[in-house]
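*Asks:* Structure file data27.pdb, PDB, C-alpha atoms and all ligand atoms, is pasted below:
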```pdb
MODEL        1
ATOM      1  CA  MET T  21       0.000   0.000   0.000  1.00  0.00           C
ATOM      2  CA  PHE T  22       2.659   2.455   1.101  1.00  0.00           C
ATOM      3  CA  HIS T  23       4.926   2.073  -1.888  1.00  0.00           C
ATOM      4  CA  LEU T  24       1.955   2.803  -4.178  1.00  0.00           C
ATOM      5  CA  ARG T  25       1.304   6.132  -2.533  1.00  0.00           C
ATOM      6  CA  LYS T  26       4.926   7.103  -2.948  1.00  0.00           C
ATOM      7  CA  GLN T  27       4.801   6.695  -6.678  1.00  0.00           C
ATOM      8  CA  PRO T  28       4.458  10.086  -8.351  1.00  0.00           C
ATOM      9  CA  ARG T  29       1.622  10.743 -10.718  1.00  0.00           C
ATOM     10  CA  PRO T  30       3.421  11.765 -13.882  1.00  0.00           C
ATOM     11  CA  SER T  31       1.007  14.435 -15.109  1.00  0.00           C
ATOM     12  CA  THR T  32       0.788  16.294 -11.793  1.00  0.00           C
ATOM     13  CA  ARG T  33       4.490  16.202 -11.378  1.00  0.00           C
ATOM     14  CA  MET T  34       5.143  17.497 -14.808  1.00  0.00           C
ATOM     15  CA  ASN T  35       2.777  20.437 -14.327  1.00  0.00           C
ATOM     16  CA  LEU T  36       4.234  21.325 -10.978  1.00  0.00           C
ATOM     17  CA  GLN T  37       7.790  21.163 -12.188  1.00  0.00           C
ATOM     18  CA  HIS T  38       7.239  22.817 -15.511  1.00  0.00           C
ATOM     19  CA  PRO T  39       4.548  25.461 -15.253  1.00  0.00           C
ATOM     20  CA  SER T  40       5.447  26.620 -18.736  1.00  0.00           C
ATOM     21  CA  THR T  41       3.941  23.416 -20.107  1.00  0.00           C
ATOM     22  CA  LEU T  42       0.477  24.550 -18.910  1.00  0.00           C
ATOM     23  CA  PRO T  43      -1.610  26.078 -21.651  1.00  0.00           C
ATOM     24  CA  ASP T  44      -1.481  29.860 -21.672  1.00  0.00           C
ATOM     25  CA  ILE T  45      -4.103  31.221 -19.253  1.00  0.00           C
ATOM     26  CA  GLY T  46      -5.218  33.940 -21.617  1.00  0.00           C
ATOM     27  CA  ASP T  47      -5.833  31.473 -24.426  1.00  0.00           C
ATOM     28  CA  ARG T  48      -7.665  29.136 -22.113  1.00  0.00           C
ATOM     29  CA  GLU T  49     -10.006  31.871 -20.878  1.00  0.00           C
ATOM     30  CA  ALA T  50     -10.638  33.066 -24.364  1.00  0.00           C
ATOM     31  CA  ALA T  51     -11.472  29.546 -25.476  1.00  0.00           C
ATOM     32  CA  MET T  52     -13.832  29.016 -22.557  1.00  0.00           C
ATOM     33  CA  ALA T  53     -15.449  32.451 -22.592  1.00  0.00           C
ATOM     34  CA  PRO T  54     -18.363  31.719 -24.929  1.00  0.00           C
ATOM     35  CA  ARG T  55     -19.311  28.574 -23.025  1.00  0.00           C
ATOM     36  CA  HIS T  56     -18.980  30.427 -19.722  1.00  0.00           C
ATOM     37  CA  SER T  57     -21.053  33.439 -20.643  1.00  0.00           C
ATOM     38  CA  ARG T  58     -23.863  31.262 -21.960  1.00  0.00           C
ATOM     39  CA  SER T  59     -24.110  29.265 -18.747  1.00  0.00           C
ATOM     40  CA  VAL T  60     -23.621  32.421 -16.644  1.00  0.00           C
ATOM     41  CA  ARG T  61     -26.433  34.130 -18.540  1.00  0.00           C
ATOM     42  CA  LEU T  62     -28.671  31.118 -17.915  1.00  0.00           C
ATOM     43  CA  LEU T  63     -27.757  31.182 -14.232  1.00  0.00           C
ATOM     44  CA  ILE T  64     -28.497  34.919 -13.946  1.00  0.00           C
ATOM     45  CA  THR T  65     -31.847  34.475 -15.696  1.00  0.00           C
ATOM     46  CA  THR T  66     -32.741  31.644 -13.326  1.00  0.00           C
ATOM     47  CA  LEU T  67     -31.699  33.689 -10.300  1.00  0.00           C
ATOM     48  CA  LEU T  68     -33.680  36.712 -11.489  1.00  0.00           C
ATOM     49  CA  LEU T  69     -36.786  34.588 -12.020  1.00  0.00           C
ATOM     50  CA  LEU T  70     -36.366  33.007  -8.590  1.00  0.00           C
ATOM     51  CA  GLN T  71     -35.960  36.447  -7.055  1.00  0.00           C
ATOM     52  CA  ILE T  72     -39.091  37.745  -8.755  1.00  0.00           C
ATOM     53  CA  PHE T  73     -41.118  34.760  -7.564  1.00  0.00           C
ATOM     54  CA  SER T  74     -39.775  34.881  -4.016  1.00  0.00           C
ATOM     55  CA  SER T  75     -40.181  38.666  -3.677  1.00  0.00           C
ATOM     56  CA  THR T  76     -43.794  38.363  -4.875  1.00  0.00           C
ATOM     57  CA  ALA T  77     -44.391  35.691  -2.244  1.00  0.00           C
ATOM     58  CA  ILE T  78     -42.735  37.822   0.442  1.00  0.00           C
ATOM     59  CA  ALA T  79     -44.704  40.895  -0.624  1.00  0.00           C
ATOM     60  CA  SER T  80     -48.062  39.126  -0.314  1.00  0.00           C
ATOM     61  CA  GLU T  81     -47.007  37.612   2.991  1.00  0.00           C
ATOM     62  CA  LYS T  82     -46.043  41.044   4.302  1.00  0.00           C
ATOM     63  CA  GLU T  83     -49.321  42.497   3.108  1.00  0.00           C
ATOM     64  CA  THR T  84     -51.308  39.931   5.087  1.00  0.00           C
ATOM     65  CA  ASP T  85     -49.017  40.438   8.040  1.00  0.00           C
ATOM     66  CA  ALA T  86     -49.301  44.222   7.811  1.00  0.00           C
ATOM     67  CA  SER T  87     -53.076  44.469   7.674  1.00  0.00           C
ATOM     68  CA  GLY T  88     -54.225  41.423   9.645  1.00  0.00           C
ATOM     69  CA  ASN T  89     -57.600  39.837   8.935  1.00  0.00           C
ATOM     70  CA  CYS T  90     -59.649  42.082  11.227  1.00  0.00           C
ATOM     71  CA  ASP T  91     -59.868  45.876  11.190  1.00  0.00           C
ATOM     72  CA  ILE T  92     -60.935  46.175  14.817  1.00  0.00           C
ATOM     73  CA  ARG T  93     -60.866  50.017  14.677  1.00  0.00           C
ATOM     74  CA  LYS T  94     -63.932  49.880  12.435  1.00  0.00           C
ATOM     75  CA  GLY T  95     -65.886  47.325  14.434  1.00  0.00           C
ATOM     76  CA  ALA T  96     -66.435  43.674  15.223  1.00  0.00           C
ATOM     77  CA  CYS T  97     -65.029  40.981  12.938  1.00  0.00           C
ATOM     78  CA  THR T  98     -66.855  37.846  11.869  1.00  0.00           C
ATOM     79  CA  GLN T  99     -65.490  34.548  10.576  1.00  0.00           C
ATOM     80  CA  ALA T 100     -67.241  31.462   9.279  1.00  0.00           C
ATOM     81  CA  LEU T 101     -66.747  28.299  11.332  1.00  0.00           C
ATOM     82  CA  GLU T 102     -68.400  24.948  10.716  1.00  0.00           C
ATOM     83  CA  ASN T 103     -72.014  25.821   9.863  1.00  0.00           C
ATOM     84  CA  GLY T 104     -72.020  29.055  11.810  1.00  0.00           C
ATOM     85  CA  THR T 105     -70.025  32.182  12.541  1.00  0.00           C
ATOM     86  CA  VAL T 106     -67.721  33.550  15.235  1.00  0.00           C
ATOM     87  CA  THR T 107     -67.645  37.282  15.904  1.00  0.00           C
ATOM     88  CA  LEU T 108     -64.990  39.072  17.928  1.00  0.00           C
ATOM     89  CA  ASP T 109     -65.354  42.556  19.328  1.00  0.00           C
ATOM     90  CA  ILE T 110     -62.990  44.477  21.612  1.00  0.00           C
ATOM     91  CA  LEU T 111     -64.105  47.591  23.503  1.00  0.00           C
ATOM     92  CA  PRO T 112     -63.552  50.411  24.225  1.00  0.00           C
ATOM     93  CA  ARG T 113     -62.478  51.562  20.835  1.00  0.00           C
ATOM     94  CA  HIS T 114     -61.399  55.181  20.642  1.00  0.00           C
ATOM     95  CA  GLY T 115     -60.129  55.088  17.110  1.00  0.00           C
ATOM     96  CA  GLY T 116     -58.291  51.891  17.969  1.00  0.00           C
ATOM     97  CA  VAL T 117     -57.891  49.221  20.606  1.00  0.00           C
ATOM     98  CA  LYS T 118     -55.274  50.423  23.091  1.00  0.00           C
ATOM     99  CA  ALA T 119     -52.614  48.290  24.729  1.00  0.00           C
ATOM    100  CA  MET T 120     -52.155  48.482  28.530  1.00  0.00           C
ATOM    101  CA  THR T 121     -55.801  49.394  29.108  1.00  0.00           C
ATOM    102  CA  ASP T 122     -58.699  47.317  30.439  1.00  0.00           C
ATOM    103  CA  LEU T 123     -60.498  45.838  27.504  1.00  0.00           C
ATOM    104  CA  THR T 124     -63.756  43.939  27.181  1.00  0.00           C
ATOM    105  CA  PHE T 125     -63.685  41.075  24.754  1.00  0.00           C
ATOM    106  CA  THR T 126     -66.952  39.773  23.333  1.00  0.00           C
ATOM    107  CA  ILE T 127     -67.408  36.594  21.357  1.00  0.00           C
ATOM    108  CA  THR T 128     -70.740  36.062  19.641  1.00  0.00           C
ATOM    109  CA  LEU T 129     -71.559  32.649  18.202  1.00  0.00           C
ATOM    110  CA  GLU T 130     -74.220  32.068  15.571  1.00  0.00           C
ATOM    111  CA  ASN T 131     -75.417  28.527  14.833  1.00  0.00           C
ATOM    112  CA  LEU T 132     -72.681  27.032  16.983  1.00  0.00           C
ATOM    113  CA  ALA T 133     -73.203  25.034  20.151  1.00  0.00           C
ATOM    114  CA  PRO T 134     -70.041  24.987  22.275  1.00  0.00           C
ATOM    115  CA  ALA T 135     -69.533  22.285  24.901  1.00  0.00           C
ATOM    116  CA  SER T 136     -68.421  24.992  27.347  1.00  0.00           C
ATOM    117  CA  ASN T 137     -67.566  28.694  27.345  1.00  0.00           C
ATOM    118  CA  PRO T 138     -65.157  29.827  24.627  1.00  0.00           C
ATOM    119  CA  ARG T 139     -61.817  31.346  25.598  1.00  0.00           C
ATOM    120  CA  ILE T 140     -59.368  33.701  23.943  1.00  0.00           C
ATOM    121  CA  ASP T 141     -55.590  33.389  23.889  1.00  0.00           C
ATOM    122  CA  LEU T 142     -53.844  36.637  23.041  1.00  0.00           C
ATOM    123  CA  GLY T 143     -50.512  36.619  21.283  1.00  0.00           C
ATOM    124  CA  MET T 144     -48.646  37.941  18.296  1.00  0.00           C
ATOM    125  CA  PRO T 145     -48.125  36.209  14.946  1.00  0.00           C
ATOM    126  CA  GLY T 146     -44.676  34.620  14.881  1.00  0.00           C
ATOM    127  CA  MET T 147     -43.739  35.799  18.410  1.00  0.00           C
ATOM    128  CA  LYS T 148     -43.780  34.181  21.812  1.00  0.00           C
ATOM    129  CA  MET T 149     -45.407  36.749  24.070  1.00  0.00           C
ATOM    130  CA  GLY T 150     -46.144  34.670  27.170  1.00  0.00           C
ATOM    131  CA  PRO T 151     -49.560  33.345  28.123  1.00  0.00           C
ATOM    132  CA  ASN T 152     -52.399  35.867  28.068  1.00  0.00           C
ATOM    133  CA  GLN T 153     -55.789  34.234  28.286  1.00  0.00           C
ATOM    134  CA  VAL T 154     -59.173  35.908  28.421  1.00  0.00           C
ATOM    135  CA  LEU T 155     -61.787  33.849  30.213  1.00  0.00           C
ATOM    136  CA  LEU T 156     -65.272  34.457  28.939  1.00  0.00           C
ATOM    137  CA  GLN T 157     -68.605  34.305  30.755  1.00  0.00           C
ATOM    138  CA  LYS T 158     -71.908  33.753  29.040  1.00  0.00           C
ATOM    139  CA  THR T 159     -73.886  36.997  29.104  1.00  0.00           C
ATOM    140  CA  SER T 160     -76.753  35.949  26.847  1.00  0.00           C
ATOM    141  CA  GLU T 161     -77.540  33.231  24.319  1.00  0.00           C
ATOM    142  CA  GLY T 162     -74.430  32.832  22.135  1.00  0.00           C
ATOM    143  CA  VAL T 163     -72.727  35.885  23.659  1.00  0.00           C
ATOM    144  CA  TYR T 164     -69.649  35.599  25.889  1.00  0.00           C
ATOM    145  CA  THR T 165     -67.660  38.444  27.433  1.00  0.00           C
ATOM    146  CA  GLY T 166     -64.478  38.758  29.435  1.00  0.00           C
ATOM    147  CA  ALA T 167     -61.871  41.264  30.543  1.00  0.00           C
ATOM    148  CA  GLY T 168     -58.322  41.338  29.287  1.00  0.00           C
ATOM    149  CA  VAL T 169     -55.269  43.464  28.652  1.00  0.00           C
ATOM    150  CA  ILE T 170     -53.034  43.567  25.612  1.00  0.00           C
ATOM    151  CA  VAL T 171     -49.471  44.370  26.583  1.00  0.00           C
ATOM    152  CA  ARG T 172     -46.999  46.496  24.717  1.00  0.00           C
ATOM    153  CA  CYS T 173     -44.659  44.496  22.518  1.00  0.00           C
ATOM    154  CA  PRO T 174     -40.986  45.450  23.055  1.00  0.00           C
ATOM    155  CA  SER T 175     -40.421  45.156  19.305  1.00  0.00           C
ATOM    156  CA  GLY T 176     -42.947  47.911  18.636  1.00  0.00           C
ATOM    157  CA  ARG T 177     -44.971  45.671  16.353  1.00  0.00           C
ATOM    158  CA  THR T 178     -48.695  46.282  16.711  1.00  0.00           C
ATOM    159  CA  LEU T 179     -50.221  43.233  15.058  1.00  0.00           C
ATOM    160  CA  TRP T 180     -51.844  40.986  17.625  1.00  0.00           C
ATOM    161  CA  GLN T 181     -53.710  37.726  17.333  1.00  0.00           C
ATOM    162  CA  ALA T 182     -56.720  36.482  19.254  1.00  0.00           C
ATOM    163  CA  ASP T 183     -57.014  32.715  19.092  1.00  0.00           C
ATOM    164  CA  VAL T 184     -60.577  31.841  19.938  1.00  0.00           C
ATOM    165  CA  THR T 185     -61.157  28.305  21.157  1.00  0.00           C
ATOM    166  CA  ILE T 186     -64.720  27.077  21.078  1.00  0.00           C
ATOM    167  CA  PRO T 187     -64.807  23.751  22.937  1.00  0.00           C
ATOM    168  CA  GLY T 188     -66.380  20.985  20.917  1.00  0.00           C
ATOM    169  CA  VAL T 189     -66.616  23.205  17.830  1.00  0.00           C
ATOM    170  CA  GLY T 190     -63.218  24.479  16.714  1.00  0.00           C
ATOM    171  CA  LYS T 191     -60.946  27.501  16.613  1.00  0.00           C
ATOM    172  CA  ALA T 192     -60.821  30.873  14.902  1.00  0.00           C
ATOM    173  CA  ALA T 193     -57.863  33.280  14.713  1.00  0.00           C
ATOM    174  CA  PHE T 194     -58.319  37.031  14.417  1.00  0.00           C
ATOM    175  CA  THR T 195     -55.320  39.282  13.649  1.00  0.00           C
ATOM    176  CA  PHE T 196     -55.695  42.998  14.308  1.00  0.00           C
ATOM    177  CA  HIS T 197     -53.674  46.095  15.122  1.00  0.00           C
ATOM    178  CA  VAL T 198     -53.531  47.749  18.520  1.00  0.00           C
ATOM    179  CA  VAL T 199     -52.475  51.252  19.482  1.00  0.00           C
ATOM    180  CA  TYR T 200     -49.462  51.701  21.790  1.00  0.00           C
TER     181      TYR T 200
HETATM  182 CU    CU N 301     -44.420  40.859  20.390  1.00  0.00          CU
ENDMDL
END
```
Can you give me the file's structure in the form of structure tokens?
Ligand SMILES: [Cu+2]
*Replies:*
Amino acid sequence: MFHLRKQPRPSTRMNLQHPSTLPDIGDREAAMAPRHSRSVRLLITTLLLLQIFSSTAIASEKETDASGNCDIRKGACTQALENGTVTLDILPRHGGVKAMTDLTFTITLENLAPASNPRIDLGMPGMKMGPNQVLLQKTSEGVYTGAGVIVRCPSGRTLWQADVTIPGVGKAAFTFHVVY
């Protein structure tokens, strides 16, 4: 085994010992240039297309993230669930729902029969904000209310999410902006 490794490979040795025997670099580049530029052009085109596709995807993702699915400043938001609807409202609303103030959350269910009272978990999309649950009491048929506070996010981001759990029925997620 060892004696085999010691044997020099003739071509490598020749190149190392006689660099002048290598083809001229300039000639080599010139010869390879057309092939190179064609494949480089193809690569650039591919990269540009990929960038266009990915930036479109990012743009639409940001748009959803920026606006949320519920404009709570304008009023309650309703979502379809199973054969009924879930409506979320947060009061008071002086031009916007304010963080660090006492808020009343109301969930109204239409054509849904929960096994027990719904609850709301407050958080932020893509962020761990610590547990913040709003327990709801039934105030009338299909209407549940509870008190809660939305904290200020250290990042300054204002998009919050209310995950509504309706036992025995399902879940609904509302994303909305708060005022700091
Ligand atoms: Cu946050």
*Asks:* Taking only C-alpha atoms and all ligand atoms and a cut-off of 8 Å, can you tell me which residues surround ligand CU 301 (chain N), written as a list in words?
*Replies:*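 Answer in the requested format: Gly143, Met144, Met147, Lys148, Met149, Arg172, Cys173, Pro174, Ser175, Gly176, Arg177, Thr178 and Trp180 of chain T.
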*Asks:* Which residues come within 7 Å of region 120-127 of chain T, counting all atoms listed in the file, excluding same-chain residues fewer than 3 positions away, as number ranges by chain?
*Replies:* T: 106-112, 163-172
*Asks:* Using only C-alpha atoms, which residues sit within 8 Å of region 186-199 of chain T once same-chain residues fewer than 6 positions away are excluded, as a PDB file with C-alpha atoms, keeping the file's coordinate frame?
*Replies:*
```pdb
ATOM      1  CA  SER T  87     -53.076  44.469   7.674  1.00  0.00           C
ATOM      2  CA  GLY T  88     -54.225  41.423   9.645  1.00  0.00           C
ATOM      3  CA  ASN T  89     -57.600  39.837   8.935  1.00  0.00           C
ATOM      4  CA  CYS T  90     -59.649  42.082  11.227  1.00  0.00           C
ATOM      5  CA  ASP T  91     -59.868  45.876  11.190  1.00  0.00           C
ATOM      6  CA  ILE T  92     -60.935  46.175  14.817  1.00  0.00           C
ATOM      7  CA  CYS T  97     -65.029  40.981  12.938  1.00  0.00           C
ATOM      8  CA  GLN T  99     -65.490  34.548  10.576  1.00  0.00           C
ATOM      9  CA  LEU T 101     -66.747  28.299  11.332  1.00  0.00           C
ATOM     10  CA  GLU T 102     -68.400  24.948  10.716  1.00  0.00           C
ATOM     11  CA  VAL T 106     -67.721  33.550  15.235  1.00  0.00           C
ATOM     12  CA  LEU T 108     -64.990  39.072  17.928  1.00  0.00           C
ATOM     13  CA  GLY T 116     -58.291  51.891  17.969  1.00  0.00           C
ATOM     14  CA  VAL T 117     -57.891  49.221  20.606  1.00  0.00           C
ATOM     15  CA  LYS T 118     -55.274  50.423  23.091  1.00  0.00           C
ATOM     16  CA  ALA T 119     -52.614  48.290  24.729  1.00  0.00           C
ATOM     17  CA  LEU T 132     -72.681  27.032  16.983  1.00  0.00           C
ATOM     18  CA  ALA T 133     -73.203  25.034  20.151  1.00  0.00           C
ATOM     19  CA  PRO T 134     -70.041  24.987  22.275  1.00  0.00           C
ATOM     20  CA  ALA T 135     -69.533  22.285  24.901  1.00  0.00           C
ATOM     21  CA  SER T 136     -68.421  24.992  27.347  1.00  0.00           C
ATOM     22  CA  ASN T 137     -67.566  28.694  27.345  1.00  0.00           C
ATOM     23  CA  PRO T 138     -65.157  29.827  24.627  1.00  0.00           C
ATOM     24  CA  ARG T 139     -61.817  31.346  25.598  1.00  0.00           C
ATOM     25  CA  PRO T 145     -48.125  36.209  14.946  1.00  0.00           C
ATOM     26  CA  THR T 178     -48.695  46.282  16.711  1.00  0.00           C
ATOM     27  CA  LEU T 179     -50.221  43.233  15.058  1.00  0.00           C
ATOM     28  CA  TRP T 180     -51.844  40.986  17.625  1.00  0.00           C
TER      29      TRP T 180
END
```
*Asks:* Report, in Å with one decimal, the straight-line distance from CA of Leu129 (chain T) to CA of Lys158 (chain T).
*Replies:*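 For CA of Leu129 (chain T) relative to CA of Lys158 (chain T), the distance reads 10.9 Å.
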*Asks:* So that all listed atoms of region 189-195 of chain T fit with 4 Å spare on each side, what axis-aligned box centre and edge lengths in Å, to one decimal, would you give as JSON?
*Replies:*
```
{"center_x": -61.0, "center_y": 31.2, "center_z": 15.7, "size_x": 19.3, "size_y": 24.1, "size_z": 12.2}
```
*Asks:* So how far away is CA of Asn103 (chain T) from CA of Leu156 (chain T), in Å?
*Replies:*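 That distance, rounded to one decimal, is 22.0 Å.
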*Asks:* Do you have the CA of Thr159 (chain T)-CA of Val184 (chain T) distance handy?
*Replies:* 17.0 Å
*Asks:* Assuming the input is short of atoms at region 158-182 of chain T, produce N, CA and C atoms for that part as a compact mmCIF listing (two decimals), in the frame of the given file.
*Replies:*
```txt
# COMPACT_ATOMS: atom_id res chain seq x y z
N LYS T 158 -70.73 33.62 29.90
CA LYS T 158 -71.91 33.75 29.04
C LYS T 158 -72.77 34.90 29.56
N THR T 159 -73.06 35.85 28.69
CA THR T 159 -73.89 37.00 29.10
C THR T 159 -75.29 36.91 28.53
N SER T 160 -75.44 36.26 27.39
CA SER T 160 -76.75 35.95 26.85
C SER T 160 -76.56 34.81 25.85
N GLU T 161 -77.64 34.38 25.21
CA GLU T 161 -77.54 33.23 24.32
C GLU T 161 -76.53 33.49 23.20
N GLY T 162 -75.45 32.71 23.18
CA GLY T 162 -74.43 32.83 22.14
C GLY T 162 -73.47 33.99 22.31
N VAL T 163 -73.60 34.72 23.44
CA VAL T 163 -72.73 35.88 23.66
C VAL T 163 -71.89 35.67 24.92
N TYR T 164 -70.59 35.84 24.79
CA TYR T 164 -69.65 35.60 25.89
C TYR T 164 -68.73 36.81 26.03
N THR T 165 -68.54 37.29 27.25
CA THR T 165 -67.66 38.44 27.43
C THR T 165 -66.63 38.17 28.53
N GLY T 166 -65.53 38.88 28.44
CA GLY T 166 -64.48 38.76 29.44
C GLY T 166 -63.54 39.94 29.37
N ALA T 167 -62.80 40.13 30.48
CA ALA T 167 -61.87 41.26 30.54
C ALA T 167 -60.45 40.79 30.23
N GLY T 168 -59.70 41.67 29.61
CA GLY T 168 -58.32 41.34 29.29
C GLY T 168 -57.50 42.58 29.01
N VAL T 169 -56.20 42.36 28.94
CA VAL T 169 -55.27 43.46 28.65
C VAL T 169 -54.30 42.99 27.58
N ILE T 170 -54.07 43.84 26.61
CA ILE T 170 -53.03 43.57 25.61
C ILE T 170 -51.81 44.36 26.02
N VAL T 171 -50.69 43.68 26.14
CA VAL T 171 -49.47 44.37 26.58
C VAL T 171 -48.77 45.03 25.41
N ARG T 172 -47.78 45.84 25.75
CA ARG T 172 -47.00 46.50 24.72
C ARG T 172 -45.87 45.55 24.30
N CYS T 173 -45.73 45.36 23.00
CA CYS T 173 -44.66 44.50 22.52
C CYS T 173 -43.35 45.28 22.47
N PRO T 174 -42.28 44.74 23.06
CA PRO T 174 -40.99 45.45 23.06
C PRO T 174 -40.47 45.75 21.64
N SER T 175 -40.90 44.94 20.68
CA SER T 175 -40.42 45.16 19.30
C SER T 175 -41.10 46.35 18.65
N GLY T 176 -42.21 46.80 19.23
CA GLY T 176 -42.95 47.91 18.64
C GLY T 176 -43.98 47.46 17.63
N ARG T 177 -43.98 46.18 17.31
CA ARG T 177 -44.97 45.67 16.35
C ARG T 177 -46.36 45.73 16.98
N THR T 178 -47.35 46.04 16.17
CA THR T 178 -48.70 46.28 16.71
C THR T 178 -49.70 45.21 16.31
N LEU T 179 -49.27 44.26 15.50
CA LEU T 179 -50.22 43.23 15.06
C LEU T 179 -50.36 42.13 16.11
N TRP T 180 -51.55 42.00 16.62
CA TRP T 180 -51.84 40.99 17.62
C TRP T 180 -52.80 39.95 17.08
N GLN T 181 -52.85 38.82 17.78
CA GLN T 181 -53.71 37.73 17.33
C GLN T 181 -54.54 37.22 18.50
N ALA T 182 -55.83 37.08 18.26
CA ALA T 182 -56.72 36.48 19.25
C ALA T 182 -57.12 35.11 18.75
```
